[in-house]
$ cat target-v4.cif   # mmCIF, C-alpha atoms
data_upload
#
loop_
_atom_site.label_atom_id
_atom_site.label_comp_id
_atom_site.auth_asym_id
_atom_site.auth_seq_id
_atom_site.Cartn_x
_atom_site.Cartn_y
_atom_site.Cartn_z
CA MET A 1 9.89 -13.05 -18.91
CA SER A 2 8.28 -16.31 -17.89
CA LEU A 3 5.75 -16.62 -15.12
CA SER A 4 8.12 -18.51 -12.88
CA ASP A 5 10.82 -15.88 -13.42
CA LEU A 6 8.40 -13.20 -12.41
CA PHE A 7 7.35 -14.94 -9.22
CA SER A 8 10.92 -15.79 -8.27
CA ARG A 9 11.74 -12.13 -8.77
CA ARG A 10 8.86 -11.25 -6.47
CA ARG A 11 10.09 -13.66 -3.83
CA LYS A 12 13.51 -12.03 -4.05
CA GLU A 13 11.99 -8.55 -3.84
CA ALA A 14 9.96 -9.57 -0.81
CA ALA A 15 13.09 -10.93 0.83
CA ASP A 16 15.03 -7.79 -0.08
CA SER A 17 12.42 -5.58 1.47
CA ASP A 18 12.78 -7.31 4.80
CA THR A 19 14.32 -5.18 7.46
CA GLY A 20 15.55 -7.97 9.68
CA ALA A 21 16.13 -11.65 9.98
CA SER A 22 12.89 -12.15 11.87
CA ALA A 23 10.93 -10.71 8.97
CA SER A 24 12.43 -13.05 6.41
CA ASP A 25 11.86 -15.98 8.75
CA ALA A 26 8.17 -15.24 8.99
CA PRO A 27 6.04 -18.15 7.83
CA VAL A 28 4.58 -18.30 4.35
CA HIS A 29 1.01 -19.55 4.14
CA PRO A 30 -0.98 -20.69 1.16
CA THR A 31 -3.98 -18.62 0.23
CA LYS A 32 -6.90 -19.72 -1.85
CA VAL A 33 -8.82 -16.52 -2.45
CA LEU A 34 -6.08 -14.05 -3.31
CA ALA A 35 -5.66 -15.42 -6.83
CA ARG A 36 -9.40 -14.98 -7.43
CA PHE A 37 -9.25 -11.49 -6.00
CA VAL A 38 -6.32 -10.66 -8.30
CA ALA A 39 -8.13 -12.16 -11.27
CA SER A 40 -11.15 -9.97 -10.62
CA LEU A 41 -9.02 -6.86 -10.43
CA SER A 42 -6.95 -7.68 -13.48
CA ALA A 43 -10.11 -7.87 -15.54
CA ARG A 44 -10.58 -4.14 -14.98
CA THR A 45 -8.60 -1.24 -16.35
CA GLN A 46 -6.78 0.81 -13.72
CA PRO A 47 -8.73 -0.60 -10.80
CA VAL A 48 -8.86 1.26 -7.52
CA LEU A 49 -7.75 -0.85 -4.58
CA LEU A 50 -8.31 -0.04 -0.93
CA ASP A 51 -5.89 -1.71 1.49
CA LEU A 52 -6.96 -1.64 5.15
CA GLY A 53 -3.75 -3.19 6.41
CA PRO A 54 -0.42 -1.56 7.19
CA VAL A 55 1.44 -0.31 4.15
CA VAL A 56 3.71 -2.97 2.65
CA GLY A 57 6.10 -1.79 -0.02
CA SER A 58 6.22 -5.05 -1.94
CA ASN A 59 2.42 -5.26 -1.97
CA VAL A 60 2.25 -1.75 -3.37
CA SER A 61 4.64 -2.83 -6.12
CA PHE A 62 2.67 -5.99 -6.77
CA PHE A 63 -0.71 -4.34 -7.10
CA GLY A 64 0.58 -1.10 -8.56
CA GLU A 65 3.18 -2.25 -11.05
CA GLN A 66 1.80 -5.63 -12.03
CA LEU A 67 -1.93 -4.98 -11.89
CA GLY A 68 -1.90 -1.26 -12.59
CA CYS A 69 -4.01 -0.53 -9.54
CA LYS A 70 -4.33 2.79 -7.89
CA ILE A 71 -3.80 1.85 -4.27
CA ILE A 72 -5.33 3.64 -1.33
CA VAL A 73 -3.81 2.73 2.01
CA GLU A 74 -5.96 3.18 5.10
CA ASP A 75 -4.27 1.33 7.94
CA LEU A 76 -7.09 0.61 10.38
CA SER A 77 -4.79 -0.96 12.95
CA LYS A 78 -3.58 2.55 13.77
CA ASP A 79 -7.15 3.67 14.34
CA ILE A 80 -7.79 0.72 16.64
CA ASP A 81 -4.56 1.34 18.56
CA ARG A 82 -5.37 5.00 18.98
CA HIS A 83 -8.80 4.26 20.39
CA VAL A 84 -7.35 1.68 22.77
CA ARG A 85 -4.63 4.06 23.97
CA GLU A 86 -7.11 6.86 24.54
CA GLY A 87 -9.58 4.51 26.22
CA LYS A 88 -12.24 5.42 23.66
CA LEU A 89 -13.11 2.07 22.19
CA ASP A 90 -16.80 2.92 22.59
CA ASP A 91 -16.28 5.64 19.99
CA LEU A 92 -14.80 3.27 17.44
CA PRO A 93 -18.08 2.36 15.67
CA ALA A 94 -18.91 6.03 15.15
CA ALA A 95 -15.37 6.76 14.00
CA LEU A 96 -15.50 3.95 11.48
CA SER A 97 -18.79 5.28 10.14
CA LYS A 98 -17.02 8.51 9.19
CA ARG A 99 -13.65 7.01 8.36
CA PHE A 100 -14.07 6.62 4.61
CA PRO A 101 -14.62 9.83 2.68
CA HIS A 102 -14.60 7.95 -0.60
CA GLU A 103 -17.50 8.26 -2.94
CA SER A 104 -20.04 5.48 -3.01
CA ALA A 105 -19.30 2.73 -5.52
CA SER A 106 -15.82 4.09 -6.23
CA ILE A 107 -13.57 1.17 -5.20
CA ASP A 108 -12.93 -1.96 -7.29
CA GLY A 109 -11.29 -4.09 -4.63
CA ILE A 110 -10.87 -4.01 -0.87
CA LEU A 111 -8.22 -5.90 1.06
CA CYS A 112 -9.54 -6.19 4.59
CA TRP A 113 -7.05 -8.91 5.56
CA ASP A 114 -7.90 -9.87 9.17
CA VAL A 115 -9.03 -6.47 10.46
CA PHE A 116 -12.45 -7.76 11.48
CA ASP A 117 -10.84 -10.09 14.03
CA TYR A 118 -9.84 -7.04 16.07
CA LEU A 119 -13.23 -5.38 16.10
CA ASP A 120 -16.22 -5.77 18.37
CA LYS A 121 -19.49 -6.67 16.72
CA ASN A 122 -20.81 -3.12 16.48
CA SER A 123 -17.61 -1.72 15.03
CA ALA A 124 -17.40 -4.57 12.56
CA LYS A 125 -20.97 -3.89 11.44
CA LYS A 126 -20.28 -0.19 10.88
CA LEU A 127 -17.11 -0.97 8.95
CA ALA A 128 -18.91 -3.52 6.79
CA GLU A 129 -21.61 -0.97 5.99
CA GLN A 130 -19.03 1.56 4.84
CA LEU A 131 -17.08 -0.93 2.78
CA THR A 132 -20.25 -2.16 1.12
CA ARG A 133 -21.15 1.44 0.30
CA ILE A 134 -17.84 2.34 -1.35
CA LEU A 135 -17.45 -0.92 -3.25
CA ARG A 136 -18.39 -0.78 -6.93
CA PRO A 137 -20.93 -3.19 -8.33
CA GLU A 138 -18.95 -6.30 -9.34
CA GLY A 139 -16.20 -5.13 -7.00
CA VAL A 140 -14.53 -7.66 -4.71
CA LEU A 141 -13.66 -7.69 -1.02
CA LEU A 142 -11.20 -10.07 0.57
CA ALA A 143 -11.37 -10.77 4.29
CA PHE A 144 -9.89 -13.31 6.67
CA PHE A 145 -11.63 -14.43 9.82
CA VAL A 146 -10.08 -16.44 12.60
CA THR A 147 -12.06 -19.48 13.67
CA ALA A 148 -10.14 -20.42 16.82
CA GLU A 149 -10.59 -18.77 20.20
CA PRO A 150 -7.78 -16.38 21.12
CA GLN A 151 -5.26 -17.94 23.46
CA PRO A 152 -5.40 -16.47 26.95
CA GLY A 153 -2.29 -14.50 27.85
CA ALA A 154 -1.09 -14.35 24.26
CA ARG A 155 0.69 -11.15 23.32
CA PRO A 156 -1.59 -9.03 21.17
CA GLU A 157 -0.28 -8.64 17.68
CA TYR A 158 -1.38 -7.66 14.22
CA THR A 159 -0.24 -9.37 11.07
CA ARG A 160 1.33 -7.84 8.00
CA HIS A 161 0.25 -9.86 4.99
CA ILE A 162 2.96 -9.85 2.36
CA VAL A 163 1.99 -11.06 -1.09
CA ILE A 164 4.65 -13.52 -2.24
CA ASP A 165 2.60 -14.62 -5.22
CA PRO A 166 -1.16 -14.94 -5.81
CA ASN A 167 -1.15 -18.26 -3.95
CA HIS A 168 1.11 -17.45 -1.02
CA LEU A 169 1.17 -14.86 1.72
CA GLN A 170 3.84 -14.25 4.28
CA HIS A 171 2.48 -13.39 7.73
CA ARG A 172 4.65 -11.01 9.69
CA PRO A 173 3.38 -10.26 13.18
CA TYR A 174 3.93 -6.93 14.90
CA ALA A 175 2.87 -5.47 18.22
CA ALA A 176 -0.75 -4.45 18.72
CA ALA A 177 -2.61 -2.59 21.42
CA ARG A 178 -5.56 -4.94 21.15
CA GLY A 179 -5.69 -8.67 20.65
CA LYS A 180 -7.99 -10.63 18.41
CA GLN A 181 -11.58 -10.82 19.60
CA ARG A 182 -13.71 -13.93 19.74
CA PRO A 183 -14.24 -15.58 16.38
CA MET A 184 -17.24 -14.40 14.47
CA PRO A 185 -19.80 -17.08 13.63
CA ASN A 186 -20.32 -17.63 9.94
CA ARG A 187 -23.91 -16.43 10.08
CA ASP A 188 -22.77 -13.13 11.60
CA ILE A 189 -20.31 -12.67 8.76
CA GLN A 190 -23.06 -13.30 6.25
CA ARG A 191 -25.42 -10.88 7.99
CA MET A 192 -22.74 -8.25 8.25
CA PHE A 193 -22.23 -8.35 4.50
CA GLU A 194 -25.79 -9.15 3.56
CA ASP A 195 -25.64 -6.84 0.54
CA LEU A 196 -22.62 -8.70 -0.84
CA ARG A 197 -22.41 -12.19 -2.27
CA ILE A 198 -19.91 -14.71 -0.98
CA THR A 199 -18.21 -16.07 -4.09
CA GLU A 200 -15.43 -18.06 -2.47
CA GLN A 201 -14.97 -19.36 1.04
CA PHE A 202 -12.20 -21.58 2.33
CA LEU A 203 -11.37 -22.87 5.78
CA LEU A 204 -7.63 -23.39 5.89
CA LYS A 205 -5.71 -25.79 8.06
CA SER A 206 -4.43 -22.79 9.94
CA ASN A 207 -7.98 -22.17 11.23
CA LEU A 208 -8.26 -19.16 9.02
CA ARG A 209 -11.46 -18.63 7.08
CA GLU A 210 -10.78 -16.86 3.81
CA VAL A 211 -13.78 -15.21 2.22
CA LEU A 212 -14.14 -13.40 -1.07
CA PHE A 213 -17.21 -11.20 -1.37
CA ARG A 214 -18.53 -9.65 -4.53
CA LYS A 215 -20.99 -6.82 -4.83
CA PRO A 216 -23.81 -7.82 -7.17
CA ALA A 217 -24.10 -5.89 -10.39
CA GLU A 218 -26.73 -3.24 -10.38
CA ALA A 219 -30.00 -4.54 -11.71
CA PRO A 220 -30.79 -3.11 -15.13
CA PRO A 221 -33.68 -0.66 -15.13
CA SER A 222 -36.85 -2.66 -15.44
CA SER A 223 -38.46 -2.20 -18.81
CA PRO A 224 -42.21 -1.91 -19.01
CA PRO A 225 -43.94 -5.07 -20.19
CA ALA A 226 -44.39 -5.13 -23.92
CA ALA A 227 -47.88 -4.24 -25.06
CA ARG A 228 -49.70 -7.03 -26.74
CA MET B 229 21.44 5.42 -11.59
CA TRP B 230 20.27 4.74 -8.06
CA LYS B 231 23.79 5.05 -6.79
CA ARG B 232 22.67 8.60 -6.12
CA ASP B 233 20.79 7.19 -3.13
CA GLU B 234 24.04 6.00 -1.67
CA ALA B 235 25.46 9.43 -2.00
CA VAL B 236 22.55 10.83 -0.08
CA LYS B 237 22.78 8.46 2.84
CA PRO B 238 25.86 9.95 4.49
CA THR B 239 24.18 13.35 4.51
CA SER B 240 21.28 12.00 6.51
CA GLY B 241 23.46 10.11 8.87
CA GLN B 242 25.67 13.07 9.71
CA PRO B 243 24.85 15.44 12.50
CA ALA B 244 23.03 18.27 10.82
CA SER B 245 25.20 21.19 9.90
CA PRO B 246 24.38 24.31 11.93
CA ALA B 247 23.93 26.54 8.92
CA PRO B 248 22.44 25.89 5.53
CA VAL B 249 25.20 24.74 3.26
CA VAL B 250 24.83 25.42 -0.40
CA SER B 251 27.46 23.69 -2.40
CA THR B 252 27.75 24.78 -5.96
CA PRO B 253 27.95 22.26 -8.74
CA SER B 254 31.61 22.88 -9.34
CA ALA B 255 32.87 19.45 -10.09
CA SER B 256 35.81 20.15 -12.32
CA PRO B 257 36.53 17.60 -14.99
CA SER B 258 39.97 16.65 -13.77
CA ALA B 259 42.08 14.00 -15.38
CA ALA B 260 42.11 11.80 -12.30
CA PRO B 261 38.71 10.11 -12.04
CA GLN B 262 36.95 10.84 -8.79
CA PRO B 263 34.73 8.34 -7.04
CA GLU B 264 31.17 8.62 -8.32
CA SER B 265 29.65 9.30 -4.92
CA ARG B 266 32.11 12.08 -4.16
CA ARG B 267 31.39 13.81 -7.43
CA ILE B 268 27.64 13.58 -6.86
CA GLU B 269 27.92 15.04 -3.38
CA ARG B 270 29.35 18.17 -4.88
CA ASP B 271 26.37 18.44 -7.21
CA MET B 272 23.89 18.49 -4.38
CA VAL B 273 22.43 21.39 -2.50
CA ASN B 274 21.62 20.95 1.13
CA ILE B 275 19.03 22.95 3.04
CA GLY B 276 20.02 22.72 6.67
CA LYS B 277 17.68 21.94 9.49
CA SER B 278 17.48 25.49 10.80
CA VAL B 279 16.16 26.76 7.48
CA VAL B 280 12.46 27.40 6.99
CA ILE B 281 11.20 28.14 3.51
CA LYS B 282 7.67 29.23 2.71
CA GLY B 283 6.80 29.51 -0.92
CA GLU B 284 7.86 27.92 -4.15
CA LEU B 285 11.15 26.11 -4.52
CA ASN B 286 12.44 25.43 -8.03
CA GLY B 287 15.78 24.02 -9.01
CA SER B 288 17.91 22.22 -11.53
CA GLU B 289 20.16 20.34 -9.13
CA ASP B 290 19.70 17.51 -6.73
CA LEU B 291 18.53 18.82 -3.39
CA THR B 292 18.56 17.55 0.16
CA ILE B 293 16.23 19.18 2.64
CA GLU B 294 16.84 18.87 6.35
CA GLY B 295 14.81 21.94 7.23
CA GLN B 296 11.20 22.90 6.74
CA VAL B 297 9.50 23.78 3.51
CA GLU B 298 5.91 24.88 3.05
CA GLY B 299 4.44 25.51 -0.37
CA LYS B 300 5.65 23.82 -3.54
CA ILE B 301 8.87 22.09 -4.53
CA GLU B 302 9.73 21.51 -8.17
CA LEU B 303 12.90 19.72 -9.25
CA LYS B 304 11.65 18.24 -12.47
CA ASP B 305 14.82 16.48 -13.60
CA HIS B 306 16.56 15.96 -10.30
CA VAL B 307 16.52 14.02 -7.09
CA LEU B 308 14.92 15.46 -4.01
CA THR B 309 15.89 13.97 -0.67
CA ILE B 310 13.95 14.78 2.46
CA GLY B 311 16.46 14.11 5.22
CA PRO B 312 15.52 12.66 8.61
CA ASN B 313 15.07 16.17 10.01
CA GLY B 314 13.20 17.47 7.01
CA LYS B 315 9.56 18.49 7.36
CA ILE B 316 7.71 19.27 4.19
CA LYS B 317 4.21 20.63 3.83
CA ALA B 318 4.16 20.99 0.12
CA GLN B 319 3.27 19.64 -3.26
CA VAL B 320 6.40 17.97 -4.54
CA PHE B 321 7.42 17.40 -8.16
CA ALA B 322 10.77 15.80 -8.96
CA LYS B 323 12.45 13.09 -10.96
CA ALA B 324 12.97 11.01 -7.86
CA VAL B 325 12.02 11.63 -4.26
CA ILE B 326 13.68 9.95 -1.30
CA VAL B 327 11.92 10.42 2.00
CA LEU B 328 13.60 9.90 5.32
CA GLY B 329 11.75 12.70 7.09
CA GLU B 330 8.15 13.89 6.96
CA VAL B 331 6.13 14.90 3.95
CA ASN B 332 2.64 16.23 4.16
CA GLY B 333 1.36 16.75 0.64
CA ASN B 334 1.14 15.09 -2.71
CA VAL B 335 4.30 13.75 -4.28
CA THR B 336 4.75 13.35 -8.03
CA ALA B 337 7.91 11.80 -9.45
CA SER B 338 8.72 10.94 -13.03
CA GLU B 339 10.92 8.01 -11.94
CA LYS B 340 10.64 6.88 -8.36
CA VAL B 341 9.45 7.64 -4.86
CA ASP B 342 11.35 5.91 -2.10
CA ILE B 343 10.05 6.11 1.47
CA ARG B 344 12.79 4.82 3.72
CA ASP B 345 12.59 3.37 7.21
CA GLY B 346 11.44 6.18 9.50
CA GLY B 347 10.16 8.26 6.61
CA SER B 348 6.58 9.46 6.56
CA VAL B 349 4.27 10.55 3.77
CA ASP B 350 0.73 11.77 4.22
CA GLY B 351 -0.53 12.42 0.75
CA ASP B 352 -1.01 10.93 -2.65
CA ILE B 353 1.91 9.58 -4.64
CA ILE B 354 2.11 9.48 -8.42
CA ALA B 355 5.21 7.70 -9.74
CA PRO B 356 5.99 4.72 -11.96
CA ARG B 357 7.98 3.12 -9.16
CA VAL B 358 7.33 3.34 -5.46
CA ALA B 359 9.36 1.72 -2.71
CA ILE B 360 8.14 1.79 0.86
CA ALA B 361 10.32 0.38 3.63
CA GLU B 362 8.76 -1.60 6.42
CA GLY B 363 9.30 1.03 9.10
CA ALA B 364 7.88 3.80 6.97
CA HIS B 365 4.57 5.55 7.49
CA PHE B 366 2.28 6.17 4.59
CA ARG B 367 -1.27 7.30 4.35
CA GLY B 368 -2.78 8.18 1.02
CA SER B 369 -2.96 6.70 -2.41
CA VAL B 370 -0.35 5.37 -4.81
CA ASP B 371 -0.85 5.73 -8.54
CA MET B 372 1.93 4.02 -10.48
CA GLN B 373 0.82 5.33 -13.83
CA ARG B 374 3.01 4.52 -16.79
CA LYS B 375 3.67 6.67 -19.75
CA GLY B 376 2.00 5.25 -22.81
CA GLY B 377 -0.10 2.51 -21.48
CA GLN B 378 -0.63 -0.44 -19.29
CA PRO B 379 1.57 -1.75 -16.49
CA ALA B 380 4.44 -3.92 -17.67
CA ALA B 381 3.28 -7.25 -16.30
CA LYS B 382 -0.43 -6.88 -16.71
CA GLU B 383 -0.71 -10.35 -18.16
CA THR B 384 0.93 -12.01 -15.20
CA PRO B 385 -1.88 -12.04 -12.67
CA LYS B 386 -4.26 -13.31 -15.29
CA ALA B 387 -1.93 -16.18 -15.99
CA ALA B 388 -1.48 -16.77 -12.30
CA SER B 389 -5.16 -16.88 -11.74
CA GLN B 390 -5.89 -19.29 -14.52
CA PRO B 391 -7.81 -21.71 -12.31
CA ALA B 392 -11.16 -20.19 -13.01
CA PRO B 393 -13.98 -20.52 -10.51
CA GLN B 394 -15.82 -23.75 -11.04
CA ALA B 395 -19.10 -22.01 -11.50
CA GLN B 396 -17.74 -20.50 -14.69
CA ALA B 397 -16.00 -23.62 -15.89
CA GLN B 398 -18.93 -25.98 -15.56
CA PRO B 399 -21.27 -24.49 -18.12
CA GLN B 400 -18.45 -24.51 -20.67
CA ALA B 401 -17.82 -28.18 -20.02
CA ALA B 402 -21.50 -28.91 -20.31
CA ALA B 403 -21.71 -27.16 -23.65
CA HIS B 404 -19.33 -29.64 -25.29
#
$ encode --input "target-v4.cif" --output "structure tokens"
Amino acid sequence: MSLSDLFSRRRKEAADSDTGASASDAPVHPTKVLARFVASLSARTQPVLLDLGPVVGSNVSFFGEQLGCKIIVEDLSKDIDRHVREGKLDDLPAALSKRFPHESASIDGILCWDVFDYLDKNSAKKLAEQLTRILRPEGVLLAFFVTAEPQPGARPEYTRHIVIDPNHLQHRPYAAARGKQRPMPNRDIQRMFEDLRITEQFLLKSNLREVLFRKPAEAPPSSPPAAR
Amino acid sequence: MWKRDEAVKPTSGQPASPAPVVSTPSASPSAAPQPESRRIERDMVNIGKSVVIKGELNGSEDLTIEGQVEGKIELKDHVLTIGPNGKIKAQVFAKAVIVLGEVNGNVTASEKVDIRDGGSVDGDIIAPRVAIAEGAHFRGSVDMQRKGGQPAAKETPKAASQPAPQAQAQPQAAAH
């Protein structure tokens, strides 16, 4: 099967998985970093992928069937909604600190999508710490950050990111209990992930900053200087 | 093969029968060909919504559960359907699992797991094919292991991601 056949099949599958006309009408956006993320994962055997967005059947097929990933779905939007509903947003940083029972350095790739846009600074910091901990050396983390101020009065909504192919994502909005927060300055993003290296960064026309982080390989044990 | 799913749908859509109905696999090979779906319906066992089972459930027929099951379900070569009223707290092993209700536990299928709109799975899934509808709930992991090796289209993403990062490409260019 040719590459184009495979991607056209994926487009069809994505369309088939839609539940309504509004879903299939959702806009498709180009993405620059997803292909790099995919390339990093495909270089590993049976990589473990952590998806922090809502579960998307076609994404599971894409990463599971085509890349052979083991996929762990941890939809953080539900955690955020629950804290908003219960009026316990102050507890969110602590909850995120305990949210990931995974072993340290056990995950090859993390799809954060735009989850950081919905978090306050403290929560975002705690989440970043946990993700850095569970990411394997040479593992990759994909995150999107909005760069435009949220529009006042706009209905809060999350976005489902549907992989159409490694260069295109469909954005399907759905209702949220909390809107996007103020955009995070670039230096804050860098500080938040200070233990990771930014390998790719793109600012798209849609005001979306796409960032691909990579955890540096562990330094080899230092050998004693050779005796002369 | 997946026409079986179609046969299951009417069961879930019907108002649940008051008592557990166990239909025996008595499809007689008559001369007049019966519609496929009708024949399959006869081969299925239905556990009604008032039924609660605690323990181990084994079988060699397709099974639809509208009730509650706690423990372990094993239908190695058959299709298990968790109807919209079904609530499962169990480890599940089957050829194919269709979820319209709630499953709390790990699900292993030799062919496919299908979580339909409104279905919910909290647990880890192991199956070569997994379909999750948009209105479904899932929390856990998905392992689409394949018998005898690598995923079918492993080469695809590599081909798709051919544009290598410049940092890697430059030294190669410089070497020539």
$ resolve_selection --input "target-v4.cif" --expression "the PyMOL selection byres ((chain A) within 9 of (chain B))" --output "PyMOL selection string"
chain A and resi 2-3+6+17-19+34-40+42-43+45-46+50+54-58+60-61+64-75+165-167+199-200
$ atom_distance --input "target-v4.cif" --atom1 "atom CA of Ser348 of chain B" --atom2 "atom CA of Leu141 of chain A"
27.6 Å
$ residues_around --input "target-v4.cif" --residues "Arg99 of chain A" --least-positions-apart "2" --cutoff "10 Å" --atoms "all atoms listed in the file" --output "ChimeraX atom specification"
/A:74,76,79,92-97,101-102,127,130
$ atom_distance --input "target-v4.cif" --atom1 "atom CA of Leu303 of chain B" --atom2 "atom CA of Gly346 of chain B"
23.2 Å
$ residues_around --input "target-v4.cif" --residues "Asp305 of chain B" --least-positions-apart "3" --cutoff "7 Å" --atoms "all atoms listed in the file" --output "PDB file with C-alpha atoms, keeping the file's coordinate frame"
ATOM      1  CA  SER B 288      17.910  22.220 -11.530  1.00  0.00           C
ATOM      2  CA  ALA B 322      10.770  15.800  -8.960  1.00  0.00           C
ATOM      3  CA  LYS B 323      12.450  13.090 -10.960  1.00  0.00           C
TER       4      LYS B 323
END
$ closest_residue --input "target-v4.cif" --among "B:Val273, B:Ala355, B:Leu291, B:Ile326" --to "Glu339 of chain B" --atoms "all atoms listed in the file"
B:Ala355
$ atom_distance --input "target-v4.cif" --atom1 "atom CA of Leu119 of chain A" --atom2 "atom CA of Gly53 of chain A"
13.7 Å
$ residues_near_point --input "target-v4.cif" --point "(5.5, 19.5, -0.8)" --cutoff "9 Å" --atoms "only C-alpha atoms" --output "count of residues only"
17
$ resolve_selection --input "target-v4.cif" --expression "the PyMOL selection byres ((chain A and resi 140) around 12)" --output "ChimeraX atom specification"
/A:33-44,47-50,105-112,131-132,134-139,141-143,196-200,211-217
$ write_last_selection --input "target-v4.cif" --atoms "C-alpha atoms" --output "compact mmCIF listing (two decimals), in the coordinates of the input"
# COMPACT_ATOMS: atom_id res chain seq x y z
CA VAL A 33 -8.82 -16.52 -2.45
CA LEU A 34 -6.08 -14.05 -3.31
CA ALA A 35 -5.66 -15.42 -6.83
CA ARG A 36 -9.40 -14.98 -7.43
CA PHE A 37 -9.25 -11.49 -6.00
CA VAL A 38 -6.32 -10.66 -8.30
CA ALA A 39 -8.13 -12.16 -11.27
CA SER A 40 -11.15 -9.97 -10.62
CA LEU A 41 -9.02 -6.86 -10.43
CA SER A 42 -6.95 -7.68 -13.48
CA ALA A 43 -10.11 -7.87 -15.54
CA ARG A 44 -10.58 -4.14 -14.98
CA PRO A 47 -8.73 -0.60 -10.80
CA VAL A 48 -8.86 1.26 -7.52
CA LEU A 49 -7.75 -0.85 -4.58
CA LEU A 50 -8.31 -0.04 -0.93
CA ALA A 105 -19.30 2.73 -5.52
CA SER A 106 -15.82 4.09 -6.23
CA ILE A 107 -13.57 1.17 -5.20
CA ASP A 108 -12.93 -1.96 -7.29
CA GLY A 109 -11.29 -4.09 -4.63
CA ILE A 110 -10.87 -4.01 -0.87
CA LEU A 111 -8.22 -5.90 1.06
CA CYS A 112 -9.54 -6.19 4.59
CA LEU A 131 -17.08 -0.93 2.78
CA THR A 132 -20.25 -2.16 1.12
CA ILE A 134 -17.84 2.34 -1.35
CA LEU A 135 -17.45 -0.92 -3.25
CA ARG A 136 -18.39 -0.78 -6.93
CA PRO A 137 -20.93 -3.19 -8.33
CA GLU A 138 -18.95 -6.30 -9.34
CA GLY A 139 -16.20 -5.13 -7.00
CA LEU A 141 -13.66 -7.69 -1.02
CA LEU A 142 -11.20 -10.07 0.57
CA ALA A 143 -11.37 -10.77 4.29
CA LEU A 196 -22.62 -8.70 -0.84
CA ARG A 197 -22.41 -12.19 -2.27
CA ILE A 198 -19.91 -14.71 -0.98
CA THR A 199 -18.21 -16.07 -4.09
CA GLU A 200 -15.43 -18.06 -2.47
CA VAL A 211 -13.78 -15.21 2.22
CA LEU A 212 -14.14 -13.40 -1.07
CA PHE A 213 -17.21 -11.20 -1.37
CA ARG A 214 -18.53 -9.65 -4.53
CA LYS A 215 -20.99 -6.82 -4.83
CA PRO A 216 -23.81 -7.82 -7.17
CA ALA A 217 -24.10 -5.89 -10.39
$ resolve_selection --input "target-v4.cif" --expression "the PyMOL selection byres ((chain B and resi 279) around 7)" --output "PyMOL selection string"
chain B and resi 248+275-278+280-281+295-296
$ residues_around --input "target-v4.cif" --residues "Trp113 of chain A" --least-positions-apart "4" --cutoff "9 Å" --atoms "all atoms listed in the file" --output "PDB file with C-alpha atoms, keeping the file's coordinate frame"
ATOM      1  CA  ASP A  51      -5.890  -1.710   1.490  1.00  0.00           C
ATOM      2  CA  LEU A  52      -6.960  -1.640   5.150  1.00  0.00           C
ATOM      3  CA  GLY A  53      -3.750  -3.190   6.410  1.00  0.00           C
ATOM      4  CA  LEU A 142     -11.200 -10.070   0.570  1.00  0.00           C
ATOM      5  CA  ALA A 143     -11.370 -10.770   4.290  1.00  0.00           C
ATOM      6  CA  PHE A 144      -9.890 -13.310   6.670  1.00  0.00           C
ATOM      7  CA  PHE A 145     -11.630 -14.430   9.820  1.00  0.00           C
ATOM      8  CA  THR A 159      -0.240  -9.370  11.070  1.00  0.00           C
ATOM      9  CA  ARG A 160       1.330  -7.840   8.000  1.00  0.00           C
ATOM     10  CA  HIS A 161       0.250  -9.860   4.990  1.00  0.00           C
ATOM     11  CA  GLU A 210     -10.780 -16.860   3.810  1.00  0.00           C
TER      12      GLU A 210
END
$ residues_near_point --input "target-v4.cif" --point "(2.3, -11.1, 12.4)" --cutoff "10 Å" --atoms "all atoms listed in the file" --output "ChimeraX atom specification"
/A:23,26-27,156-161,170-176
$ write_last_selection --input "target-v4.cif" --atoms "C-alpha atoms" --output "compact mmCIF listing (two decimals), keeping the file's coordinate frame"
# COMPACT_ATOMS: atom_id res chain seq x y z
CA ALA A 23 10.93 -10.71 8.97
CA ALA A 26 8.17 -15.24 8.99
CA PRO A 27 6.04 -18.15 7.83
CA PRO A 156 -1.59 -9.03 21.17
CA GLU A 157 -0.28 -8.64 17.68
CA TYR A 158 -1.38 -7.66 14.22
CA THR A 159 -0.24 -9.37 11.07
CA ARG A 160 1.33 -7.84 8.00
CA HIS A 161 0.25 -9.86 4.99
CA GLN A 170 3.84 -14.25 4.28
CA HIS A 171 2.48 -13.39 7.73
CA ARG A 172 4.65 -11.01 9.69
CA PRO A 173 3.38 -10.26 13.18
CA TYR A 174 3.93 -6.93 14.90
CA ALA A 175 2.87 -5.47 18.22
CA ALA A 176 -0.75 -4.45 18.72
$ axis_aligned_box --input "target-v4.cif" --around "segment 351-370 of chain B" --padding-each-side "5 Å" --output "AutoDock Vina command-line options"
--center_x 3.7 --center_y 5.4 --center_z -1.4 --size_x 23.3 --size_y 24.0 --size_z 31.1
$ decode --input "target-v4.cif" --residues "segment 349-360 of chain B" --atoms "C-alpha atoms" --output "short mmCIF file (atom, residue, chain, number, x, y, z; two decimals), in the first residue's frame"
data_model
loop_
_atom_site.label_atom_id
_atom_site.label_comp_id
_atom_site.auth_asym_id
_atom_site.auth_seq_id
_atom_site.Cartn_x
_atom_site.Cartn_y
_atom_site.Cartn_z
CA VAL B 349 -14.12 1.34 30.03
CA ASP B 350 -11.89 1.91 33.02
CA GLY B 351 -9.04 -0.50 32.58
CA ASP B 352 -6.36 -1.66 30.25
CA ILE B 353 -7.18 -3.00 26.81
CA ILE B 354 -5.13 -5.55 24.92
CA ALA B 355 -6.38 -6.21 21.38
CA PRO B 356 -5.03 -5.96 17.84
CA ARG B 357 -7.85 -3.61 16.89
CA VAL B 358 -9.53 -1.04 19.08
CA ALA B 359 -12.34 1.28 18.08
CA ILE B 360 -13.46 4.02 20.41
#
